[in-house]
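For reference, the structure discussed in these notes is given below.
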Amino acid sequence: MRRYMRALMLCMVFAVFSGLYVYSRLFYSDVAARRNGAKKILIPLRASGARRGVTDKNALSFNWYIMRQQEAAGTRPEPPMHLAVVACGERLEETLTMIKSAVLFSVKRLHLHIFAEDQLHAGFIEALESWPGFIRYRFSYRVYSIRFPNENAAEWKKLFKPCASQRLFLPLILEDVDSIVYVDSDILFLQPVDLLWRFLSDFNSSQLAAMAPEHEEPRIAWYNRFARHPFYGRTGINSGVMLMNLTRMRSMFFKNDMTSVGLRWEELLMPLLQKYKLNITWGDQDLLNIIFHYNPESLLEFPCQWNYRPDHCIYGSNCASAEEDGIYILHGNRGVYHDYKQPTFRAVYEAIKKYTFGTDPVTSLLEPLEEELLKTTHTYCGKSHTLFTKRLRNSVAKINRKTRER
């Protein structure tokens with residue numbers, strides 16, 4: 001009996017010292033990680049002109065676990081994709097629905113740059129911080145005040161729609177960001193942002209931005225029929241979805257029709273507005289068309305399925321890439337999410353807006369949407385309703401696979 005007691009005591013002493021050893025190793029590895037600049041927790045960054053709210057504790061705990069696993073493996077976390085949007089006026093709910101679609105389907109982590117009027121800041125923070133932890137883990141964010149050059153702020157702010165021209169100043173504001181996806185608030189991602197982000201690797205040495213054409217059919221296109229200023233290509237470009245290499249944009253000298261020498265981005269914008277402000281209709285989009293008219297080698301043109309708008313179906317289907325492979329990104333310009341002129345677009349918006357995180361996306365999103373789309377077949381866009389769910393079905397399937405793996 002005494003032998004058994006001695007053996008038990010020895011085992012207990014051994015267990016205590018083993019526990020102390022493991023604790024000490026964890027402690028010193030943690031200190032070393034801090035000295036090397038490693039961050040244990042990924043949280044929304046705070047900076048001048050930016051705000052963030054209280055961080056979700058469950059998301060932070062999971063982030064801490066992931067970071068420790070990466071430290072143990074000697075790897076660094078993969079840099080996030082950067083996504084920017086501008087929201088003014090009554091655009092809070094619309095912008096949150098866009099963000100919801102981006103976060104829901106994307107694979108890599110996102111960092112959101114939200115430029116908004118000050119009265120909208122609290123609404124963004126409250127809504128984003130209320131999302132469940134497993135969703136909050138997928139993104140971080142910063143909310144910025146609207147910023148224009150002081151001497152011409154009023155003129156820039158009222159150009160076309162309120163605050164829309166803010167996108168022109170992203171290269172100057174986001175000085176530490178290399179590349180970014182800019183989208184209008186009325187965008188809906190039906191595929192992961194990752195697929196759009198990959199276009200950056202397709203840039204050649206001279207390209208610094210990517211956009212889709214304004215139209216595919218010149219006979220019904222706007223720029224080649226009505227524009228009173230230079231524009232890109234045959235039918236112009238639409239800036240609702242814009243991929244930008246900000247580093248290249250900051251360093252390039254742009255050819256123009258005002259000087260015999262190239263001008264940097266910050267030197268180009270105001271003279272361009274002063275020259276063409278009486279001739280432009282679509283504000284900052286027209287200015288981008290003028291810039292890339294004189295610098296076509298700097299633009300990568302991606303297919304219309306990446307910026308699918310009512311113009312692609314209201315006169316009959318005229319986006320070949322979408323007909324072949326489905327719609328990747330939906331652009332509900334002209335307010336079609338909020339009226340009944342184009343019920344097909346409205347149905348997709350309402351389905352994503354109403355979807356509850358964590359529920360089955362097939363029964364809670366895809367199937368109700370397909371039922372609603374069948375009610376729109378009396379419209380030209382409704383006749384092409386299968387294009388609206390072709391890629392979405394794949395995205396939903398991937399969500400379910402990730403849910404089963406958790």
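Ligands are numbered from 1 in the order shown, residues from 1 within each chain, and chains are lettered A, B, ... in the order they appear in the structure tokens.
Surrounding range 156-169 of chain A within 9 Å are Ala84, Val85, Val86, Ala87, Cys88, Gly89, Phe115, Ala116, Glu117, Ile146, Arg147, Phe148, Pro149, Asn152, Ile173, Leu174, Tyr182, Asp184, Trp265, Glu266, Leu269, Leu273, Lys277, Thr281, Trp282, Gly283, Asp284, Gln285 and Leu288 of chain A, with only C-alpha atoms counted and residues fewer than 4 positions along the same chain left out.
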(message) Please list as a PyMOL selection string every residue within 12 Å of Thr356 in chain A, counting only C-alpha atoms and excluding residues in the same chain fewer than 3 positions away.
(response) chain A and resi 97+100-101+104+131-132+135+350-353+359-365
(request) Mind listing the alpha helix (DSSP H) residues of range 204-367 of chain A, per DSSP on the backbone, as a PyMOL selection string? (result) chain A and resi 223-226+246-251+265-276+284-294+320-325+343-354+361+367
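For the set A:Asp339, A:Glu371, A:Asp325, A:Glu151, the residue with the smallest atom-to-atom gap to Leu392 in chain A is A:Asp325, counting only C-alpha atoms.
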Set the distance at 10 Å and use only C-alpha atoms: which residues neighbour Glu214 in chain A once local chain neighbours fewer than 6 positions away are removed? I'd like the list as a short mmCIF file (atom, residue, chain, number, x, y, z; two decimals) with N, CA and C atoms, in the first residue's frame.
```cif
data_model
loop_
_atom_site.label_atom_id
_atom_site.label_comp_id
_atom_site.auth_asym_id
_atom_site.auth_seq_id
_atom_site.Cartn_x
_atom_site.Cartn_y
_atom_site.Cartn_z
N ALA A 221 -25.56 52.97 -76.18
CA ALA A 221 -24.64 53.46 -75.15
C ALA A 221 -24.76 54.98 -75.01
N TRP A 222 -24.35 55.50 -73.85
CA TRP A 222 -24.51 56.93 -73.59
C TRP A 222 -23.32 57.75 -74.09
N TYR A 223 -22.11 57.35 -73.70
CA TYR A 223 -20.94 58.22 -73.96
C TYR A 223 -20.73 58.49 -75.44
N TYR A 232 -13.16 57.01 -72.47
CA TYR A 232 -12.33 55.83 -72.72
C TYR A 232 -13.00 54.87 -73.70
N GLY A 233 -12.21 54.36 -74.66
CA GLY A 233 -12.66 53.28 -75.54
C GLY A 233 -13.85 53.62 -76.41
N ARG A 234 -14.65 52.60 -76.73
CA ARG A 234 -15.80 52.80 -77.61
C ARG A 234 -17.01 53.36 -76.89
N THR A 235 -17.23 52.90 -75.65
CA THR A 235 -18.47 53.27 -74.95
C THR A 235 -18.23 53.84 -73.56
N GLY A 236 -16.98 54.17 -73.21
CA GLY A 236 -16.69 54.70 -71.89
C GLY A 236 -16.58 53.60 -70.84
N ILE A 237 -16.30 54.00 -69.60
CA ILE A 237 -16.18 53.07 -68.48
C ILE A 237 -17.12 53.49 -67.37
N ASN A 238 -17.55 52.52 -66.57
CA ASN A 238 -18.40 52.78 -65.42
C ASN A 238 -17.57 52.61 -64.15
N SER A 239 -17.61 53.58 -63.27
CA SER A 239 -16.73 53.58 -62.09
C SER A 239 -17.39 53.03 -60.83
N GLY A 240 -18.54 52.38 -60.96
CA GLY A 240 -19.23 51.84 -59.79
C GLY A 240 -18.45 50.73 -59.10
N CYS A 304 -18.38 42.76 -68.25
CA CYS A 304 -19.58 43.40 -67.70
C CYS A 304 -20.21 42.59 -66.57
N ASN A 307 -19.90 44.13 -63.20
CA ASN A 307 -20.58 45.40 -62.92
C ASN A 307 -21.88 45.40 -63.72
N TYR A 308 -22.78 44.51 -63.33
CA TYR A 308 -24.00 44.27 -64.09
C TYR A 308 -25.09 45.23 -63.64
N ARG A 309 -25.58 46.04 -64.57
CA ARG A 309 -26.52 47.10 -64.27
C ARG A 309 -27.82 46.91 -65.05
N ASP A 311 -29.01 48.56 -67.38
CA ASP A 311 -28.78 48.75 -68.81
C ASP A 311 -28.45 47.46 -69.54
N HIS A 312 -27.98 46.46 -68.80
CA HIS A 312 -27.60 45.20 -69.43
C HIS A 312 -28.79 44.29 -69.71
#
```
(message) Using only C-alpha atoms, can you tell me which of A:Thr379, A:Asn318, A:Asn394, A:Ser260 comes closest to Glu217 in chain A?
(response) A:Asn318
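Taking only C-alpha atoms into account, Leu208 in chain A lies nearest to A:Leu300 out of the set A:Val103, A:Leu366, A:Leu300, A:Val183.
Going from CA of Gln305 in chain A over to CA of Ile327 in chain A, you cover 4.9 Å.
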